[in-house]
Amino acid sequence: MVPDPLSGVITALGRVSSSSSDFDLNPDVILPEGRSLRPAGVLIGFVERAGGVQVILTKRSSALRHHPGQIAFPGGKQDEGDSDVIATALREAHEEVGLHPDMTQVLGTFPCHETVTSFTMTPVLARVDPAFRPVSEPGEVEEVFEVPLTHLADPANYLVQSRQWRGQRRHYFVVPYGPYYIWGATARILRGLADRMAG
């Protein structure tokens with residue numbers, strides 16, 4: 001029997017873990033009680049290629065008001081018409097990169113991730129049909145690209161860097177790959193995946 005190339009991901013989904021946030025590396029930040037967080041869903045899409053399993057990521061359009069040019073998962077805020085955050089992630093992936101829900105098999109979700117922009121973001125993990133070919137929404141997505149899961153699953157590939165943000169030094173994860181500077185919430189969620197896969 002041929003082993004499932006996503007067996008490590010499926011095992012990771014079964015491991016108990018806590019939620020994460022953009023503040024994990026900044027313990028001095030005191031978050032206000034009763035803060036209002038908006039739900040969002042992002043899709044971590046795994047697609048099997050000849051060279052191995054790849055993870056689908058996007059480079060946001062430089063024309064966007066928020067986070068222009070940054071690396072992100074397909075996804076966004078939950079709309080009233082979405083039944084849940086899984087539906088949100090699938091809808092947004094369809095809109096942003098042309099991934100029809102019929103080409104996905106949802107494997108599960110990770111605990112929520114709180115962002116500095118006051119979203120509570122649920123990572124939705126899904127197997128993607130290898131026949132998928134991205135079609136970018138030019139107003140939102142500048143580029144769709146894939147990164148080998150072997151690269152993202154190795155905790156040694158993650159660095160901690162920092163910069164000034166709102167008058168304070170903020171630390172965050174980065175996981176560079178070729179010309180792509182993957183950082184912030186995207187890198188933190190991927191680091192969580194790597195940690196779970198490492199056991």
# chains A, B, ... in the order shown; residues from 1 in each chain; ligands from 1
$ residues_around --residues "Pro130 (chain A)" --least-positions-apart "6" --cutoff "10 Å" --atoms "only C-alpha atoms" --output "MDAnalysis selection string"
chainID A and resid 46:50 53 103:104
$ select_by_dssp --residues "region 17-60 of chain A" --states "strand (DSSP E)" --output "ChimeraX atom specification"
/A:20-21,38-49,52-60
$ write_last_selection --atoms "N, CA, C and O atoms" --output "PDB file, in the first residue's frame"
ATOM      1  N   SER A  20      -2.727  30.384  18.650  1.00  0.00           N
ATOM      2  CA  SER A  20      -1.501  31.178  18.518  1.00  0.00           C
ATOM      3  C   SER A  20      -1.880  32.625  18.244  1.00  0.00           C
ATOM      4  O   SER A  20      -3.052  32.954  18.049  1.00  0.00           O
ATOM      5  N   SER A  21      -0.869  33.487  18.224  1.00  0.00           N
ATOM      6  CA  SER A  21      -1.146  34.891  17.916  1.00  0.00           C
ATOM      7  C   SER A  21       0.114  35.575  17.413  1.00  0.00           C
ATOM      8  O   SER A  21       1.228  35.049  17.548  1.00  0.00           O
ATOM      9  N   ARG A  38     -12.607  39.931  14.781  1.00  0.00           N
ATOM     10  CA  ARG A  38     -13.465  39.523  13.663  1.00  0.00           C
ATOM     11  C   ARG A  38     -13.004  38.164  13.137  1.00  0.00           C
ATOM     12  O   ARG A  38     -11.802  37.951  12.938  1.00  0.00           O
ATOM     13  N   PRO A  39     -13.931  37.244  12.894  1.00  0.00           N
ATOM     14  CA  PRO A  39     -13.548  35.911  12.402  1.00  0.00           C
ATOM     15  C   PRO A  39     -13.093  35.935  10.951  1.00  0.00           C
ATOM     16  O   PRO A  39     -13.626  36.685  10.124  1.00  0.00           O
ATOM     17  N   ALA A  40     -12.109  35.105  10.651  1.00  0.00           N
ATOM     18  CA  ALA A  40     -11.581  34.983   9.292  1.00  0.00           C
ATOM     19  C   ALA A  40     -11.154  33.534   9.070  1.00  0.00           C
ATOM     20  O   ALA A  40     -10.903  32.795  10.021  1.00  0.00           O
ATOM     21  N   GLY A  41     -11.074  33.146   7.819  1.00  0.00           N
ATOM     22  CA  GLY A  41     -10.613  31.802   7.474  1.00  0.00           C
ATOM     23  C   GLY A  41      -9.576  31.866   6.378  1.00  0.00           C
ATOM     24  O   GLY A  41      -9.713  32.650   5.431  1.00  0.00           O
ATOM     25  N   VAL A  42      -8.514  31.078   6.517  1.00  0.00           N
ATOM     26  CA  VAL A  42      -7.485  31.004   5.480  1.00  0.00           C
ATOM     27  C   VAL A  42      -7.286  29.546   5.098  1.00  0.00           C
ATOM     28  O   VAL A  42      -7.470  28.642   5.911  1.00  0.00           O
ATOM     29  N   LEU A  43      -6.918  29.326   3.835  1.00  0.00           N
ATOM     30  CA  LEU A  43      -6.762  27.968   3.334  1.00  0.00           C
ATOM     31  C   LEU A  43      -5.285  27.603   3.215  1.00  0.00           C
ATOM     32  O   LEU A  43      -4.535  28.286   2.515  1.00  0.00           O
ATOM     33  N   ILE A  44      -4.891  26.531   3.917  1.00  0.00           N
ATOM     34  CA  ILE A  44      -3.567  25.947   3.695  1.00  0.00           C
ATOM     35  C   ILE A  44      -3.789  24.776   2.746  1.00  0.00           C
ATOM     36  O   ILE A  44      -4.239  23.701   3.150  1.00  0.00           O
ATOM     37  N   GLY A  45      -3.513  25.024   1.471  1.00  0.00           N
ATOM     38  CA  GLY A  45      -3.770  24.027   0.451  1.00  0.00           C
ATOM     39  C   GLY A  45      -2.532  23.204   0.131  1.00  0.00           C
ATOM     40  O   GLY A  45      -1.471  23.763  -0.152  1.00  0.00           O
ATOM     41  N   PHE A  46      -2.670  21.883   0.200  1.00  0.00           N
ATOM     42  CA  PHE A  46      -1.567  20.958  -0.088  1.00  0.00           C
ATOM     43  C   PHE A  46      -1.848  20.277  -1.424  1.00  0.00           C
ATOM     44  O   PHE A  46      -2.907  19.659  -1.592  1.00  0.00           O
ATOM     45  N   VAL A  47      -0.910  20.384  -2.350  1.00  0.00           N
ATOM     46  CA  VAL A  47      -1.106  19.794  -3.662  1.00  0.00           C
ATOM     47  C   VAL A  47       0.080  18.897  -3.995  1.00  0.00           C
ATOM     48  O   VAL A  47       1.234  19.286  -3.793  1.00  0.00           O
ATOM     49  N   GLU A  48      -0.210  17.696  -4.454  1.00  0.00           N
ATOM     50  CA  GLU A  48       0.847  16.733  -4.777  1.00  0.00           C
ATOM     51  C   GLU A  48       1.349  16.986  -6.193  1.00  0.00           C
ATOM     52  O   GLU A  48       0.578  16.945  -7.151  1.00  0.00           O
ATOM     53  N   ARG A  49       2.646  17.280  -6.304  1.00  0.00           N
ATOM     54  CA  ARG A  49       3.292  17.482  -7.595  1.00  0.00           C
ATOM     55  C   ARG A  49       4.354  16.407  -7.782  1.00  0.00           C
ATOM     56  O   ARG A  49       4.643  15.625  -6.866  1.00  0.00           O
ATOM     57  N   GLY A  52       6.941  16.377  -5.136  1.00  0.00           N
ATOM     58  CA  GLY A  52       6.508  16.245  -3.752  1.00  0.00           C
ATOM     59  C   GLY A  52       5.351  17.176  -3.435  1.00  0.00           C
ATOM     60  O   GLY A  52       4.866  17.917  -4.295  1.00  0.00           O
ATOM     61  N   VAL A  53       4.904  17.140  -2.187  1.00  0.00           N
ATOM     62  CA  VAL A  53       3.770  17.957  -1.765  1.00  0.00           C
ATOM     63  C   VAL A  53       4.188  19.426  -1.687  1.00  0.00           C
ATOM     64  O   VAL A  53       5.249  19.761  -1.143  1.00  0.00           O
ATOM     65  N   GLN A  54       3.345  20.302  -2.234  1.00  0.00           N
ATOM     66  CA  GLN A  54       3.577  21.743  -2.221  1.00  0.00           C
ATOM     67  C   GLN A  54       2.463  22.428  -1.431  1.00  0.00           C
ATOM     68  O   GLN A  54       1.337  21.919  -1.353  1.00  0.00           O
ATOM     69  N   VAL A  55       2.781  23.594  -0.875  1.00  0.00           N
ATOM     70  CA  VAL A  55       1.796  24.417  -0.174  1.00  0.00           C
ATOM     71  C   VAL A  55       1.547  25.669  -1.007  1.00  0.00           C
ATOM     72  O   VAL A  55       2.493  26.334  -1.449  1.00  0.00           O
ATOM     73  N   ILE A  56       0.269  25.981  -1.229  1.00  0.00           N
ATOM     74  CA  ILE A  56      -0.115  27.117  -2.069  1.00  0.00           C
ATOM     75  C   ILE A  56      -0.100  28.406  -1.249  1.00  0.00           C
ATOM     76  O   ILE A  56      -0.743  28.501  -0.202  1.00  0.00           O
ATOM     77  N   LEU A  57       0.630  29.406  -1.752  1.00  0.00           N
ATOM     78  CA  LEU A  57       0.676  30.720  -1.122  1.00  0.00           C
ATOM     79  C   LEU A  57       0.468  31.798  -2.170  1.00  0.00           C
ATOM     80  O   LEU A  57       0.587  31.546  -3.376  1.00  0.00           O
ATOM     81  N   THR A  58       0.168  32.999  -1.706  1.00  0.00           N
ATOM     82  CA  THR A  58      -0.028  34.117  -2.625  1.00  0.00           C
ATOM     83  C   THR A  58       0.847  35.298  -2.214  1.00  0.00           C
ATOM     84  O   THR A  58       1.225  35.440  -1.044  1.00  0.00           O
ATOM     85  N   LYS A  59       1.150  36.124  -3.196  1.00  0.00           N
ATOM     86  CA  LYS A  59       1.750  37.428  -2.929  1.00  0.00           C
ATOM     87  C   LYS A  59       0.663  38.459  -3.186  1.00  0.00           C
ATOM     88  O   LYS A  59       0.125  38.544  -4.291  1.00  0.00           O
ATOM     89  N   ARG A  60       0.315  39.203  -2.155  1.00  0.00           N
ATOM     90  CA  ARG A  60      -0.769  40.167  -2.260  1.00  0.00           C
ATOM     91  C   ARG A  60      -0.416  41.305  -3.211  1.00  0.00           C
ATOM     92  O   ARG A  60       0.745  41.688  -3.332  1.00  0.00           O
TER      93      ARG A  60
END
$ closest_residue --among "A:Val141, A:Arg91, A:Pro155, A:Pro101" --to "Gln70 (chain A)" --atoms "only C-alpha atoms"
A:Val141
$ residues_around --residues "Thr120 (chain A)" --least-positions-apart "3" --cutoff "12 Å" --atoms "only C-alpha atoms" --output "JSON list (two decimals) with N, CA, C and O atoms, in the first residue's frame"
[["chain", "number", "residue", "atom", "x", "y", "z"],
["A", 19, "SER", "N", -4.16, 27.79, 20.74],
["A", 19, "SER", "CA", -4.24, 28.83, 19.73],
["A", 19, "SER", "C", -2.92, 29.60, 19.70],
["A", 19, "SER", "O", -2.10, 29.50, 20.62],
["A", 20, "SER", "N", -2.73, 30.38, 18.65],
["A", 20, "SER", "CA", -1.50, 31.18, 18.52],
["A", 20, "SER", "C", -1.88, 32.62, 18.24],
["A", 20, "SER", "O", -3.05, 32.95, 18.05],
["A", 21, "SER", "N", -0.87, 33.49, 18.22],
["A", 21, "SER", "CA", -1.15, 34.89, 17.92],
["A", 21, "SER", "C", 0.11, 35.58, 17.41],
["A", 21, "SER", "O", 1.23, 35.05, 17.55],
["A", 22, "ASP", "N", -0.08, 36.75, 16.84],
["A", 22, "ASP", "CA", 1.05, 37.56, 16.39],
["A", 22, "ASP", "C", 1.88, 38.06, 17.56],
["A", 22, "ASP", "O", 2.94, 38.65, 17.36],
["A", 35, "ARG", "N", -11.52, 42.83, 23.96],
["A", 35, "ARG", "CA", -11.25, 43.35, 22.62],
["A", 35, "ARG", "C", -12.15, 42.63, 21.61],
["A", 35, "ARG", "O", -12.50, 41.47, 21.78],
["A", 36, "SER", "N", -12.50, 43.34, 20.55],
["A", 36, "SER", "CA", -13.40, 42.81, 19.54],
["A", 36, "SER", "C", -12.58, 42.21, 18.40],
["A", 36, "SER", "O", -11.77, 42.91, 17.77],
["A", 37, "LEU", "N", -12.75, 40.91, 18.16],
["A", 37, "LEU", "CA", -12.01, 40.21, 17.10],
["A", 37, "LEU", "C", -12.98, 39.72, 16.04],
["A", 37, "LEU", "O", -14.04, 39.18, 16.34],
["A", 38, "ARG", "N", -12.61, 39.93, 14.78],
["A", 38, "ARG", "CA", -13.46, 39.52, 13.66],
["A", 38, "ARG", "C", -13.00, 38.16, 13.14],
["A", 38, "ARG", "O", -11.80, 37.95, 12.94],
["A", 39, "PRO", "N", -13.93, 37.24, 12.89],
["A", 39, "PRO", "CA", -13.55, 35.91, 12.40],
["A", 39, "PRO", "C", -13.09, 35.94, 10.95],
["A", 39, "PRO", "O", -13.63, 36.68, 10.12],
["A", 40, "ALA", "N", -12.11, 35.11, 10.65],
["A", 40, "ALA", "CA", -11.58, 34.98, 9.29],
["A", 40, "ALA", "C", -11.15, 33.53, 9.07],
["A", 40, "ALA", "O", -10.90, 32.80, 10.02],
["A", 41, "GLY", "N", -11.07, 33.15, 7.82],
["A", 41, "GLY", "CA", -10.61, 31.80, 7.47],
["A", 41, "GLY", "C", -9.58, 31.87, 6.38],
["A", 41, "GLY", "O", -9.71, 32.65, 5.43],
["A", 42, "VAL", "N", -8.51, 31.08, 6.52],
["A", 42, "VAL", "CA", -7.48, 31.00, 5.48],
["A", 42, "VAL", "C", -7.29, 29.55, 5.10],
["A", 42, "VAL", "O", -7.47, 28.64, 5.91],
["A", 76, "GLY", "N", -9.69, 35.29, 3.98],
["A", 76, "GLY", "CA", -10.14, 36.62, 4.36],
["A", 76, "GLY", "C", -11.19, 36.56, 5.45],
["A", 76, "GLY", "O", -11.44, 35.50, 6.05],
["A", 77, "LYS", "N", -11.85, 37.69, 5.67],
["A", 77, "LYS", "CA", -12.82, 37.78, 6.76],
["A", 77, "LYS", "C", -14.11, 37.05, 6.41],
["A", 77, "LYS", "O", -14.48, 36.92, 5.25],
["A", 78, "GLN", "N", -14.77, 36.55, 7.45],
["A", 78, "GLN", "CA", -16.01, 35.83, 7.27],
["A", 78, "GLN", "C", -17.14, 36.79, 6.92],
["A", 78, "GLN", "O", -17.32, 37.82, 7.58],
["A", 85, "VAL", "N", -16.23, 29.39, 9.09],
["A", 85, "VAL", "CA", -14.95, 29.87, 8.58],
["A", 85, "VAL", "C", -14.35, 28.93, 7.54],
["A", 85, "VAL", "O", -13.52, 29.36, 6.72],
["A", 110, "PHE", "N", -6.86, 24.04, 12.28],
["A", 110, "PHE", "CA", -6.01, 24.28, 13.44],
["A", 110, "PHE", "C", -6.70, 25.30, 14.34],
["A", 110, "PHE", "O", -7.60, 26.03, 13.90],
["A", 111, "PRO", "N", -6.27, 25.40, 15.61],
["A", 111, "PRO", "CA", -6.82, 26.43, 16.49],
["A", 111, "PRO", "C", -6.61, 27.82, 15.90],
["A", 111, "PRO", "O", -5.70, 28.05, 15.09],
["A", 112, "CYS", "N", -7.44, 28.74, 16.32],
["A", 112, "CYS", "CA", -7.42, 30.10, 15.78],
["A", 112, "CYS", "C", -6.09, 30.81, 16.03],
["A", 112, "CYS", "O", -5.38, 30.51, 16.99],
["A", 113, "HIS", "N", -5.79, 31.76, 15.15],
["A", 113, "HIS", "CA", -4.62, 32.62, 15.29],
["A", 113, "HIS", "C", -5.09, 34.06, 15.36],
["A", 113, "HIS", "O", -5.81, 34.53, 14.47],
["A", 114, "GLU", "N", -4.70, 34.77, 16.43],
["A", 114, "GLU", "CA", -5.09, 36.18, 16.57],
["A", 114, "GLU", "C", -4.04, 37.07, 15.90],
["A", 114, "GLU", "O", -2.84, 36.93, 16.15],
["A", 115, "THR", "N", -4.50, 37.99, 15.07],
["A", 115, "THR", "CA", -3.59, 38.88, 14.35],
["A", 115, "THR", "C", -3.56, 40.26, 14.99],
["A", 115, "THR", "O", -4.47, 40.65, 15.73],
["A", 116, "VAL", "N", -2.52, 41.01, 14.65],
["A", 116, "VAL", "CA", -2.40, 42.38, 15.17],
["A", 116, "VAL", "C", -3.49, 43.28, 14.60],
["A", 116, "VAL", "O", -3.75, 44.37, 15.12],
["A", 117, "THR", "N", -4.15, 42.83, 13.52],
["A", 117, "THR", "CA", -5.22, 43.61, 12.90],
["A", 117, "THR", "C", -6.60, 43.20, 13.43],
["A", 117, "THR", "O", -7.62, 43.50, 12.82],
["A", 123, "PRO", "N", -7.01, 28.55, 10.43],
["A", 123, "PRO", "CA", -6.36, 27.87, 9.31],
["A", 123, "PRO", "C", -7.14, 26.60, 8.95],
["A", 123, "PRO", "O", -7.38, 25.74, 9.79],
["A", 185, "ALA", "N", 1.97, 36.62, 10.41],
["A", 185, "ALA", "CA", 0.97, 35.61, 10.74],
["A", 185, "ALA", "C", 1.13, 34.35, 9.88],
["A", 185, "ALA", "O", 0.97, 33.23, 10.37]]
$ closest_residue --among "A:Gly98, A:Gly199, A:Gly51, A:Pro148" --to "Phe132 (chain A)" --atoms "only C-alpha atoms"
A:Gly98
